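Trainee: This is the content of protein10.pdb (PDB, C-alpha atoms and all ligand atoms):
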ATOM      1  CA  MET O 214     -54.043 -56.386  41.492  1.00  0.00           C
ATOM      2  CA  ALA O 215     -50.968 -54.499  42.643  1.00  0.00           C
ATOM      3  CA  GLU O 216     -50.815 -50.944  41.422  1.00  0.00           C
ATOM      4  CA  ARG O 217     -49.516 -50.642  37.882  1.00  0.00           C
ATOM      5  CA  ARG O 218     -46.109 -49.139  37.208  1.00  0.00           C
ATOM      6  CA  LYS O 219     -46.333 -45.857  35.349  1.00  0.00           C
ATOM      7  CA  LEU O 220     -44.462 -46.184  32.068  1.00  0.00           C
ATOM      8  CA  GLY O 221     -43.073 -43.451  29.850  1.00  0.00           C
ATOM      9  CA  ILE O 222     -42.095 -44.333  26.277  1.00  0.00           C
ATOM     10  CA  LEU O 223     -39.503 -42.455  24.205  1.00  0.00           C
ATOM     11  CA  ILE O 224     -39.772 -42.569  20.426  1.00  0.00           C
ATOM     12  CA  SER O 225     -38.277 -40.887  17.362  1.00  0.00           C
ATOM     13  CA  GLY O 226     -40.369 -42.334  14.538  1.00  0.00           C
ATOM     14  CA  ARG O 227     -43.011 -44.808  13.449  1.00  0.00           C
ATOM     15  CA  GLY O 228     -43.811 -46.175  16.900  1.00  0.00           C
ATOM     16  CA  SER O 229     -44.791 -49.791  16.223  1.00  0.00           C
ATOM     17  CA  ASN O 230     -43.048 -50.954  19.406  1.00  0.00           C
ATOM     18  CA  MET O 231     -44.651 -48.089  21.323  1.00  0.00           C
ATOM     19  CA  ALA O 232     -48.042 -49.221  19.989  1.00  0.00           C
ATOM     20  CA  ALA O 233     -47.316 -52.793  21.094  1.00  0.00           C
ATOM     21  CA  LEU O 234     -46.618 -51.562  24.638  1.00  0.00           C
ATOM     22  CA  ILE O 235     -49.763 -49.404  24.650  1.00  0.00           C
ATOM     23  CA  ASP O 236     -51.896 -52.269  23.294  1.00  0.00           C
ATOM     24  CA  ALA O 237     -50.496 -54.706  25.858  1.00  0.00           C
ATOM     25  CA  ALA O 238     -51.567 -52.355  28.658  1.00  0.00           C
ATOM     26  CA  SER O 239     -55.219 -53.068  27.868  1.00  0.00           C
ATOM     27  CA  ALA O 240     -54.833 -56.579  29.336  1.00  0.00           C
ATOM     28  CA  PRO O 241     -56.275 -56.649  32.860  1.00  0.00           C
ATOM     29  CA  ASP O 242     -53.132 -58.237  34.300  1.00  0.00           C
ATOM     30  CA  CYS O 243     -50.643 -55.953  32.538  1.00  0.00           C
ATOM     31  CA  PRO O 244     -48.201 -54.559  35.111  1.00  0.00           C
ATOM     32  CA  TRP O 245     -47.928 -51.081  33.507  1.00  0.00           C
ATOM     33  CA  GLN O 246     -49.985 -48.177  32.314  1.00  0.00           C
ATOM     34  CA  VAL O 247     -48.535 -45.819  29.718  1.00  0.00           C
ATOM     35  CA  VAL O 248     -48.539 -42.302  31.164  1.00  0.00           C
ATOM     36  CA  LEU O 249     -46.548 -40.462  28.470  1.00  0.00           C
ATOM     37  CA  VAL O 250     -45.111 -40.872  24.985  1.00  0.00           C
ATOM     38  CA  ALA O 251     -42.274 -38.402  24.373  1.00  0.00           C
ATOM     39  CA  SER O 252     -40.447 -37.732  21.120  1.00  0.00           C
ATOM     40  CA  ASN O 253     -37.364 -35.753  20.134  1.00  0.00           C
ATOM     41  CA  ASP O 254     -38.951 -35.359  16.683  1.00  0.00           C
ATOM     42  CA  PRO O 255     -42.207 -33.399  16.698  1.00  0.00           C
ATOM     43  CA  ASP O 256     -43.089 -35.033  13.340  1.00  0.00           C
ATOM     44  CA  ALA O 257     -42.712 -38.618  14.586  1.00  0.00           C
ATOM     45  CA  ALA O 258     -45.629 -40.678  13.280  1.00  0.00           C
ATOM     46  CA  GLY O 259     -45.850 -42.488  16.611  1.00  0.00           C
ATOM     47  CA  LEU O 260     -47.105 -39.314  18.324  1.00  0.00           C
ATOM     48  CA  ALA O 261     -50.330 -39.455  16.310  1.00  0.00           C
ATOM     49  CA  ARG O 262     -50.760 -43.122  17.174  1.00  0.00           C
ATOM     50  CA  ALA O 263     -50.316 -42.335  20.883  1.00  0.00           C
ATOM     51  CA  LYS O 264     -52.892 -39.541  20.702  1.00  0.00           C
ATOM     52  CA  VAL O 265     -55.418 -41.861  19.044  1.00  0.00           C
ATOM     53  CA  ALA O 266     -54.851 -44.273  21.932  1.00  0.00           C
ATOM     54  CA  GLY O 267     -55.540 -41.461  24.404  1.00  0.00           C
ATOM     55  CA  VAL O 268     -51.978 -41.343  25.760  1.00  0.00           C
ATOM     56  CA  PRO O 269     -50.507 -37.923  26.656  1.00  0.00           C
ATOM     57  CA  THR O 270     -47.628 -36.856  24.403  1.00  0.00           C
ATOM     58  CA  PHE O 271     -44.634 -34.573  24.732  1.00  0.00           C
ATOM     59  CA  ALA O 272     -42.706 -33.450  21.658  1.00  0.00           C
ATOM     60  CA  LEU O 273     -39.563 -31.360  21.737  1.00  0.00           C
ATOM     61  CA  SER O 274     -36.896 -31.097  19.059  1.00  0.00           C
ATOM     62  CA  HIS O 275     -33.414 -31.733  20.387  1.00  0.00           C
ATOM     63  CA  ARG O 276     -31.901 -29.495  17.724  1.00  0.00           C
ATOM     64  CA  GLY O 277     -29.615 -26.780  19.023  1.00  0.00           C
ATOM     65  CA  MET O 278     -29.780 -28.084  22.571  1.00  0.00           C
ATOM     66  CA  GLN O 279     -27.028 -29.680  24.608  1.00  0.00           C
ATOM     67  CA  ARG O 280     -27.717 -33.351  25.242  1.00  0.00           C
ATOM     68  CA  GLU O 281     -27.848 -32.958  29.051  1.00  0.00           C
ATOM     69  CA  VAL O 282     -30.233 -30.005  28.784  1.00  0.00           C
ATOM     70  CA  PHE O 283     -32.528 -31.844  26.384  1.00  0.00           C
ATOM     71  CA  ASP O 284     -32.508 -34.980  28.530  1.00  0.00           C
ATOM     72  CA  GLY O 285     -33.336 -32.828  31.554  1.00  0.00           C
ATOM     73  CA  HIS O 286     -36.490 -31.667  29.768  1.00  0.00           C
ATOM     74  CA  LEU O 287     -37.359 -35.297  29.073  1.00  0.00           C
ATOM     75  CA  THR O 288     -36.946 -36.291  32.717  1.00  0.00           C
ATOM     76  CA  GLU O 289     -39.002 -33.282  33.795  1.00  0.00           C
ATOM     77  CA  ALA O 290     -41.860 -34.281  31.460  1.00  0.00           C
ATOM     78  CA  LEU O 291     -41.643 -37.928  32.524  1.00  0.00           C
ATOM     79  CA  ARG O 292     -41.729 -37.005  36.217  1.00  0.00           C
ATOM     80  CA  ALA O 293     -44.594 -34.556  35.674  1.00  0.00           C
ATOM     81  CA  HIS O 294     -46.608 -37.537  34.426  1.00  0.00           C
ATOM     82  CA  GLY O 295     -45.484 -39.742  37.296  1.00  0.00           C
ATOM     83  CA  ALA O 296     -43.372 -42.104  35.187  1.00  0.00           C
ATOM     84  CA  GLU O 297     -41.537 -44.797  37.152  1.00  0.00           C
ATOM     85  CA  TRP O 298     -40.170 -46.819  34.227  1.00  0.00           C
ATOM     86  CA  VAL O 299     -38.990 -45.685  30.783  1.00  0.00           C
ATOM     87  CA  ALA O 300     -39.060 -47.771  27.607  1.00  0.00           C
ATOM     88  CA  LEU O 301     -37.075 -46.666  24.558  1.00  0.00           C
ATOM     89  CA  ALA O 302     -38.960 -47.665  21.421  1.00  0.00           C
ATOM     90  CA  GLY O 303     -37.068 -46.602  18.324  1.00  0.00           C
ATOM     91  CA  TYR O 304     -35.567 -43.656  20.230  1.00  0.00           C
ATOM     92  CA  MET O 305     -32.663 -42.649  18.010  1.00  0.00           C
ATOM     93  CA  ARG O 306     -30.670 -40.400  20.364  1.00  0.00           C
ATOM     94  CA  LEU O 307     -27.847 -41.285  22.695  1.00  0.00           C
ATOM     95  CA  LEU O 308     -28.833 -40.573  26.292  1.00  0.00           C
ATOM     96  CA  SER O 309     -26.679 -38.564  28.672  1.00  0.00           C
ATOM     97  CA  PRO O 310     -25.086 -40.344  31.667  1.00  0.00           C
ATOM     98  CA  GLY O 311     -27.274 -38.232  33.969  1.00  0.00           C
ATOM     99  CA  PHE O 312     -30.466 -39.490  32.334  1.00  0.00           C
ATOM    100  CA  VAL O 313     -29.274 -43.101  32.474  1.00  0.00           C
ATOM    101  CA  ALA O 314     -28.380 -42.698  36.167  1.00  0.00           C
ATOM    102  CA  ASP O 315     -31.761 -41.115  36.988  1.00  0.00           C
ATOM    103  CA  TRP O 316     -33.646 -44.096  35.512  1.00  0.00           C
ATOM    104  CA  ALA O 317     -31.151 -46.902  36.210  1.00  0.00           C
ATOM    105  CA  GLY O 318     -32.762 -50.319  36.552  1.00  0.00           C
ATOM    106  CA  ARG O 319     -36.064 -48.943  35.201  1.00  0.00           C
ATOM    107  CA  LEU O 320     -34.849 -47.993  31.727  1.00  0.00           C
ATOM    108  CA  VAL O 321     -35.175 -50.535  28.914  1.00  0.00           C
ATOM    109  CA  ASN O 322     -34.544 -50.554  25.164  1.00  0.00           C
ATOM    110  CA  ILE O 323     -35.321 -52.768  22.198  1.00  0.00           C
ATOM    111  CA  HIS O 324     -32.524 -53.335  19.711  1.00  0.00           C
ATOM    112  CA  PRO O 325     -32.962 -55.117  16.368  1.00  0.00           C
ATOM    113  CA  SER O 326     -30.180 -57.689  16.666  1.00  0.00           C
ATOM    114  CA  LEU O 327     -29.183 -60.652  18.764  1.00  0.00           C
ATOM    115  CA  LEU O 328     -26.974 -58.756  21.194  1.00  0.00           C
ATOM    116  CA  PRO O 329     -24.057 -58.725  21.743  1.00  0.00           C
ATOM    117  CA  ARG O 330     -23.886 -59.028  17.943  1.00  0.00           C
ATOM    118  CA  HIS O 331     -24.410 -55.881  15.868  1.00  0.00           C
ATOM    119  CA  LYS O 332     -24.665 -53.054  18.350  1.00  0.00           C
ATOM    120  CA  GLY O 333     -25.423 -49.651  16.841  1.00  0.00           C
ATOM    121  CA  LEU O 334     -27.054 -48.867  13.488  1.00  0.00           C
ATOM    122  CA  ASP O 335     -27.697 -50.842  10.268  1.00  0.00           C
ATOM    123  CA  THR O 336     -28.050 -54.108  12.141  1.00  0.00           C
ATOM    124  CA  HIS O 337     -29.870 -55.977   9.377  1.00  0.00           C
ATOM    125  CA  ALA O 338     -27.400 -55.083   6.625  1.00  0.00           C
ATOM    126  CA  ARG O 339     -24.568 -56.070   8.946  1.00  0.00           C
ATOM    127  CA  ALA O 340     -26.191 -59.406   9.821  1.00  0.00           C
ATOM    128  CA  LEU O 341     -26.498 -60.160   6.087  1.00  0.00           C
ATOM    129  CA  ALA O 342     -22.939 -59.030   5.328  1.00  0.00           C
ATOM    130  CA  ALA O 343     -21.655 -61.271   8.122  1.00  0.00           C
ATOM    131  CA  GLY O 344     -23.501 -64.276   6.665  1.00  0.00           C
ATOM    132  CA  ASP O 345     -25.479 -64.800   9.895  1.00  0.00           C
ATOM    133  CA  ALA O 346     -27.910 -67.732   9.740  1.00  0.00           C
ATOM    134  CA  GLU O 347     -30.233 -66.044  12.213  1.00  0.00           C
ATOM    135  CA  ALA O 348     -31.169 -62.550  13.215  1.00  0.00           C
ATOM    136  CA  GLY O 349     -33.485 -61.188  15.832  1.00  0.00           C
ATOM    137  CA  ALA O 350     -34.122 -58.627  18.502  1.00  0.00           C
ATOM    138  CA  SER O 351     -33.100 -58.021  22.109  1.00  0.00           C
ATOM    139  CA  VAL O 352     -34.728 -56.140  24.966  1.00  0.00           C
ATOM    140  CA  HIS O 353     -32.156 -54.976  27.470  1.00  0.00           C
ATOM    141  CA  PHE O 354     -31.586 -52.628  30.375  1.00  0.00           C
ATOM    142  CA  VAL O 355     -29.877 -49.416  29.338  1.00  0.00           C
ATOM    143  CA  THR O 356     -26.470 -48.528  30.728  1.00  0.00           C
ATOM    144  CA  ASP O 357     -23.956 -45.850  29.767  1.00  0.00           C
ATOM    145  CA  VAL O 358     -22.532 -48.037  27.000  1.00  0.00           C
ATOM    146  CA  LEU O 359     -24.611 -48.137  23.795  1.00  0.00           C
ATOM    147  CA  ASP O 360     -26.665 -51.345  23.365  1.00  0.00           C
ATOM    148  CA  ASP O 361     -24.632 -53.022  26.085  1.00  0.00           C
ATOM    149  CA  GLY O 362     -26.805 -53.443  29.205  1.00  0.00           C
ATOM    150  CA  PRO O 363     -28.060 -56.778  30.574  1.00  0.00           C
ATOM    151  CA  VAL O 364     -30.322 -58.616  28.116  1.00  0.00           C
ATOM    152  CA  ILE O 365     -33.835 -59.347  29.435  1.00  0.00           C
ATOM    153  CA  ALA O 366     -35.128 -61.424  26.499  1.00  0.00           C
ATOM    154  CA  GLN O 367     -34.470 -62.129  22.824  1.00  0.00           C
ATOM    155  CA  ALA O 368     -36.452 -63.288  19.805  1.00  0.00           C
ATOM    156  CA  ARG O 369     -34.842 -65.092  16.869  1.00  0.00           C
ATOM    157  CA  VAL O 370     -35.770 -65.341  13.202  1.00  0.00           C
ATOM    158  CA  PRO O 371     -34.079 -67.212  10.349  1.00  0.00           C
ATOM    159  CA  VAL O 372     -32.184 -65.328   7.666  1.00  0.00           C
ATOM    160  CA  ARG O 373     -33.639 -66.540   4.360  1.00  0.00           C
ATOM    161  CA  PRO O 374     -31.890 -66.848   0.979  1.00  0.00           C
ATOM    162  CA  GLY O 375     -32.452 -63.660  -1.009  1.00  0.00           C
ATOM    163  CA  ASP O 376     -33.125 -61.561   2.092  1.00  0.00           C
ATOM    164  CA  THR O 377     -32.435 -57.861   1.830  1.00  0.00           C
ATOM    165  CA  ALA O 378     -32.004 -55.562   4.824  1.00  0.00           C
ATOM    166  CA  GLU O 379     -35.643 -54.556   4.266  1.00  0.00           C
ATOM    167  CA  THR O 380     -37.141 -58.064   4.164  1.00  0.00           C
ATOM    168  CA  LEU O 381     -35.088 -59.088   7.168  1.00  0.00           C
ATOM    169  CA  ALA O 382     -36.084 -55.932   9.080  1.00  0.00           C
ATOM    170  CA  ALA O 383     -39.753 -56.657   8.408  1.00  0.00           C
ATOM    171  CA  ARG O 384     -39.420 -60.232   9.709  1.00  0.00           C
ATOM    172  CA  VAL O 385     -37.573 -59.028  12.813  1.00  0.00           C
ATOM    173  CA  LEU O 386     -40.068 -56.216  13.467  1.00  0.00           C
ATOM    174  CA  VAL O 387     -42.968 -58.667  13.786  1.00  0.00           C
ATOM    175  CA  GLU O 388     -40.990 -60.407  16.523  1.00  0.00           C
ATOM    176  CA  GLU O 389     -39.969 -57.101  18.153  1.00  0.00           C
ATOM    177  CA  ASN O 390     -43.608 -56.105  18.571  1.00  0.00           C
ATOM    178  CA  ARG O 391     -44.336 -59.464  20.219  1.00  0.00           C
ATOM    179  CA  LEU O 392     -41.153 -59.538  22.306  1.00  0.00           C
ATOM    180  CA  TYR O 393     -41.211 -56.080  23.878  1.00  0.00           C
ATOM    181  CA  PRO O 394     -44.344 -56.502  26.028  1.00  0.00           C
ATOM    182  CA  GLN O 395     -43.230 -59.992  27.117  1.00  0.00           C
ATOM    183  CA  ALA O 396     -39.776 -58.775  28.079  1.00  0.00           C
ATOM    184  CA  LEU O 397     -41.095 -55.749  29.946  1.00  0.00           C
ATOM    185  CA  ARG O 398     -43.428 -57.979  31.967  1.00  0.00           C
ATOM    186  CA  LYS O 399     -40.444 -60.114  32.891  1.00  0.00           C
ATOM    187  CA  ALA O 400     -38.291 -57.105  33.817  1.00  0.00           C
ATOM    188  CA  MET O 401     -40.996 -55.640  36.040  1.00  0.00           C
ATOM    189  CA  ARG O 402     -41.712 -59.008  37.663  1.00  0.00           C
ATOM    190  CA  ASP O 403     -38.015 -59.588  38.370  1.00  0.00           C
ATOM    191  CA  ALA O 404     -37.675 -56.059  39.798  1.00  0.00           C
ATOM    192  CA  GLU O 405     -40.339 -56.700  42.473  1.00  0.00           C
TER
HETATM  193  C1  LIG O 501     -37.059 -50.933  15.708  1.00  0.00           C
HETATM  194  O1  LIG O 501     -36.495 -51.834  14.793  1.00  0.00           O
HETATM  195  C2  LIG O 501     -36.237 -50.821  16.949  1.00  0.00           C
HETATM  196  O2  LIG O 501     -35.668 -52.027  17.348  1.00  0.00           O
HETATM  197  C3  LIG O 501     -35.145 -49.878  16.490  1.00  0.00           C
HETATM  198  O3  LIG O 501     -35.816 -48.913  15.714  1.00  0.00           O
HETATM  199  C4  LIG O 501     -36.991 -49.510  15.162  1.00  0.00           C
HETATM  200  C5  LIG O 501     -38.143 -48.686  15.615  1.00  0.00           C
HETATM  201  O4  LIG O 501     -39.359 -49.114  15.065  1.00  0.00           O
HETATM  202  N1  LIG O 501     -34.413 -49.356  17.603  1.00  0.00           N
HETATM  203  P1  LIG O 501     -40.719 -48.570  15.652  1.00  0.00           P
HETATM  204  O5  LIG O 501     -40.633 -47.062  15.674  1.00  0.00           O
HETATM  205  O6  LIG O 501     -40.899 -49.135  17.035  1.00  0.00           O
HETATM  206  O7  LIG O 501     -41.769 -49.050  14.705  1.00  0.00           O
END
Kindly return the structure encoded in the file as structure tokens.
Mentor:
Amino acid sequence: MAERRKLGILISGRGSNMAALIDAASAPDCPWQVVLVASNDPDAAGLARAKVAGVPTFALSHRGMQREVFDGHLTEALRAHGAEWVALAGYMRLLSPGFVADWAGRLVNIHPSLLPRHKGLDTHARALAAGDAEAGASVHFVTDVLDDGPVIAQARVPVRPGDTAETLAARVLVEENRLYPQALRKAMRDAE
């Protein structure tokens, strides 16, 4: 098998998508190995999950730091672990243009809507308010514009009568955890 790409994952919270990417790496034909999980919140629950999985972690609060300076620390940690690709998995900070440029074409994100609909926050409440018949998730390359880069793959779910933002989010999250590894495989394959 060709050598695996070294993947860094950025999180801010629970880390279910991070866990899906770590779990997928146990398949013999998976094209990546996870070399680092980094968080801007030292209390992120996902850090504990990464440690249990034996993945190195890096935690640094962004508070009181300029965005470019903080992102520089991230890139330094990622490079120190040999990362070649970066996956954002519930990473709730805007990235500086310098960071995006450093990782261009190897920087992906998962967003809980059917892009280009509902960029930004509160996607599920907005899908309900708009009367959307379906919702879903998108994995896309990251560019300087928030939630705007080329879409790699999407997963769709129905909106059901009586859905709340919470019930819809739970239905979408199941699909996110399935979609992210599939989409990353595709992105890496297409980048060969
Ligand atoms: C996911 O819904 C992701 O799409 C969004 O934030 C949530 C993170 O969940 N950006 P988790 O931390 O991966 O469980």
Trainee: Please identify all protein, DNA and RNA residues within 6 Å of ligand LIG 501 (chain O), counting all atoms listed in the file, and report them as an NGL selection string.
Mentor: :O and (226-231 or 302-303 or 323-325 or 386)
Trainee: Run the PyMOL selection byres (((chain O and resi 329-345) around 6) and not hetatm) against the file shown and list the residues it catches, as number ranges by chain.
Mentor: O: 327-328, 346-347, 360, 378
Trainee: I need the residue set behind the PyMOL selection byres (((chain O and resi 298) around 9) and not hetatm) for this file; please write it as a ChimeraX atom specification.
Mentor: /O:218-222,245,296-297,299-300,316,318-321
Trainee: Restricting the calculation to all atoms listed in the file, which member of O:Ala404, O:Gln246, O:Arg217, O:Ser351 is positioned closest to Glu388 in chain O?
Mentor: O:Ser351
Trainee: Could you pull the residues within 12 Å of Gly285 in chain O, counting all atoms listed in the file, minus those fewer than 3 positions along the same chain, as JSON, numbers by chain?
Mentor: {"O": [273, 275, 278, 279, 280, 281, 282, 288, 289, 290, 291, 292, 308, 309, 310, 311, 312, 313, 314, 315, 316]}
Trainee: From the set O:Val248, O:Ala293, O:Ile235, O:Ala350, which residue has the shortest atom-to-atom contact distance to Leu392 in chain O, counting all atoms listed in the file?
Mentor: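 Counting all atoms listed in the file, the residue closest to Leu392 in chain O is O:Ala350.
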Trainee: Have a look at O:Ala263, O:Ile224, O:Cys243, O:Leu381 and name the one nearest to Arg402 in chain O; count all atoms listed in the file.
Mentor: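 Looking only at the distances to Arg402 in chain O, the closest residue turns out to be O:Cys243.
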Trainee: How would you write as a ChimeraX atom specification the residues that get within 6 Å of (-34.7, -56.1, 25.1) in the file's frame, counting only C-alpha atoms?
Mentor: /O:322-323,351-353,364-366
Trainee: Using Å and a single decimal, report how far CA of Ser239 in chain O sits from CA of Lys264 in chain O.
Mentor: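 CA of Ser239 in chain O lies 15.5 Å from CA of Lys264 in chain O.
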Trainee: One decimal, Å: what's the distance from CA of Asp256 in chain O over to CA of Leu223 in chain O, could you say?
Mentor: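 If I compute the distance from CA of Asp256 in chain O to CA of Leu223 in chain O, I get 13.6 Å.
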Trainee: Using only C-alpha atoms, find the one residue out of O:Asn253, O:Ala383, O:Arg262, O:Leu234 that sits nearest to Gln395 in chain O.
Mentor: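 Distance minimum relative to Gln395 in chain O lands on O:Leu234.
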Trainee: Please indicate the distance in Å from CA of Arg391 in chain O to CA of Gln367 in chain O, rounded to one decimal place.
Mentor: 10.5 Å
Trainee: Compare O:Glu389, O:Asp403, O:Leu260, O:Val268 by their minimum atom-to-atom distance to Ala238 in chain O, counting all atoms listed in the file, and give me the closest one.
Mentor: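 So, comparing all the options, the nearest one is O:Val268.
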Trainee: Step by step, gather every atom of range 257-272 of chain O that the file lists, find the box along x, y and z that holds them, add 5 Å on each side, and finally give centre and edge lengths in Å to one decimal, as lines of an AutoDock Vina configuration file.
Mentor:
center_x = -49.1
center_y = -38.9
center_z = 20.0
size_x = 22.8
size_y = 20.8
size_z = 23.4
Trainee: Using all atoms listed in the file, pick whichever of O:Ala258, O:Ala348, O:Ala317, O:Leu359 has the shortest atom-to-atom distance to Pro371 in chain O.
Mentor: O:Ala348
Trainee: Will you model N, CA and C atoms for range 333-351 of chain O and pass it back as a PDB file, in the coordinates of the input?
Mentor:
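The resulting file, selection-v8.pdb, is reproduced below:
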ATOM      1  N   GLY O 333     -25.435 -50.847  17.685  1.00  0.00           N
ATOM      2  CA  GLY O 333     -25.423 -49.651  16.841  1.00  0.00           C
ATOM      3  C   GLY O 333     -26.404 -49.748  15.689  1.00  0.00           C
ATOM      4  N   LEU O 334     -26.103 -49.016  14.608  1.00  0.00           N
ATOM      5  CA  LEU O 334     -27.054 -48.867  13.488  1.00  0.00           C
ATOM      6  C   LEU O 334     -26.852 -49.941  12.416  1.00  0.00           C
ATOM      7  N   ASP O 335     -27.790 -49.971  11.463  1.00  0.00           N
ATOM      8  CA  ASP O 335     -27.697 -50.842  10.268  1.00  0.00           C
ATOM      9  C   ASP O 335     -27.522 -52.310  10.630  1.00  0.00           C
ATOM     10  N   THR O 336     -28.241 -52.750  11.636  1.00  0.00           N
ATOM     11  CA  THR O 336     -28.050 -54.108  12.141  1.00  0.00           C
ATOM     12  C   THR O 336     -28.376 -55.172  11.098  1.00  0.00           C
ATOM     13  N   HIS O 337     -29.427 -54.929  10.305  1.00  0.00           N
ATOM     14  CA  HIS O 337     -29.870 -55.977   9.377  1.00  0.00           C
ATOM     15  C   HIS O 337     -28.874 -56.141   8.226  1.00  0.00           C
ATOM     16  N   ALA O 338     -28.408 -55.015   7.693  1.00  0.00           N
ATOM     17  CA  ALA O 338     -27.400 -55.083   6.625  1.00  0.00           C
ATOM     18  C   ALA O 338     -26.137 -55.761   7.150  1.00  0.00           C
ATOM     19  N   ARG O 339     -25.789 -55.480   8.387  1.00  0.00           N
ATOM     20  CA  ARG O 339     -24.568 -56.070   8.946  1.00  0.00           C
ATOM     21  C   ARG O 339     -24.749 -57.557   9.202  1.00  0.00           C
ATOM     22  N   ALA O 340     -25.941 -57.970   9.620  1.00  0.00           N
ATOM     23  CA  ALA O 340     -26.191 -59.406   9.821  1.00  0.00           C
ATOM     24  C   ALA O 340     -26.067 -60.142   8.483  1.00  0.00           C
ATOM     25  N   LEU O 341     -26.592 -59.526   7.416  1.00  0.00           N
ATOM     26  CA  LEU O 341     -26.498 -60.160   6.087  1.00  0.00           C
ATOM     27  C   LEU O 341     -25.045 -60.205   5.613  1.00  0.00           C
ATOM     28  N   ALA O 342     -24.337 -59.092   5.781  1.00  0.00           N
ATOM     29  CA  ALA O 342     -22.939 -59.030   5.328  1.00  0.00           C
ATOM     30  C   ALA O 342     -22.075 -60.047   6.072  1.00  0.00           C
ATOM     31  N   ALA O 343     -22.435 -60.322   7.318  1.00  0.00           N
ATOM     32  CA  ALA O 343     -21.655 -61.271   8.122  1.00  0.00           C
ATOM     33  C   ALA O 343     -22.026 -62.715   7.812  1.00  0.00           C
ATOM     34  N   GLY O 344     -23.071 -62.918   6.986  1.00  0.00           N
ATOM     35  CA  GLY O 344     -23.501 -64.276   6.665  1.00  0.00           C
ATOM     36  C   GLY O 344     -24.195 -64.972   7.828  1.00  0.00           C
ATOM     37  N   ASP O 345     -24.797 -64.202   8.741  1.00  0.00           N
ATOM     38  CA  ASP O 345     -25.479 -64.800   9.895  1.00  0.00           C
ATOM     39  C   ASP O 345     -26.637 -65.686   9.425  1.00  0.00           C
ATOM     40  N   ALA O 346     -26.796 -66.840  10.070  1.00  0.00           N
ATOM     41  CA  ALA O 346     -27.910 -67.732   9.740  1.00  0.00           C
ATOM     42  C   ALA O 346     -29.193 -67.295  10.431  1.00  0.00           C
ATOM     43  N   GLU O 347     -29.043 -66.563  11.543  1.00  0.00           N
ATOM     44  CA  GLU O 347     -30.233 -66.044  12.213  1.00  0.00           C
ATOM     45  C   GLU O 347     -30.015 -64.594  12.590  1.00  0.00           C
ATOM     46  N   ALA O 348     -31.159 -63.934  12.747  1.00  0.00           N
ATOM     47  CA  ALA O 348     -31.169 -62.550  13.215  1.00  0.00           C
ATOM     48  C   ALA O 348     -32.213 -62.480  14.314  1.00  0.00           C
ATOM     49  N   GLY O 349     -32.487 -61.274  14.776  1.00  0.00           N
ATOM     50  CA  GLY O 349     -33.485 -61.188  15.832  1.00  0.00           C
ATOM     51  C   GLY O 349     -33.467 -59.858  16.524  1.00  0.00           C
ATOM     52  N   ALA O 350     -34.009 -59.861  17.731  1.00  0.00           N
ATOM     53  CA  ALA O 350     -34.122 -58.627  18.502  1.00  0.00           C
ATOM     54  C   ALA O 350     -33.843 -58.933  19.967  1.00  0.00           C
ATOM     55  N   SER O 351     -33.420 -57.888  20.686  1.00  0.00           N
ATOM     56  CA  SER O 351     -33.100 -58.021  22.109  1.00  0.00           C
ATOM     57  C   SER O 351     -33.734 -56.869  22.871  1.00  0.00           C
TER      58      SER O 351
END
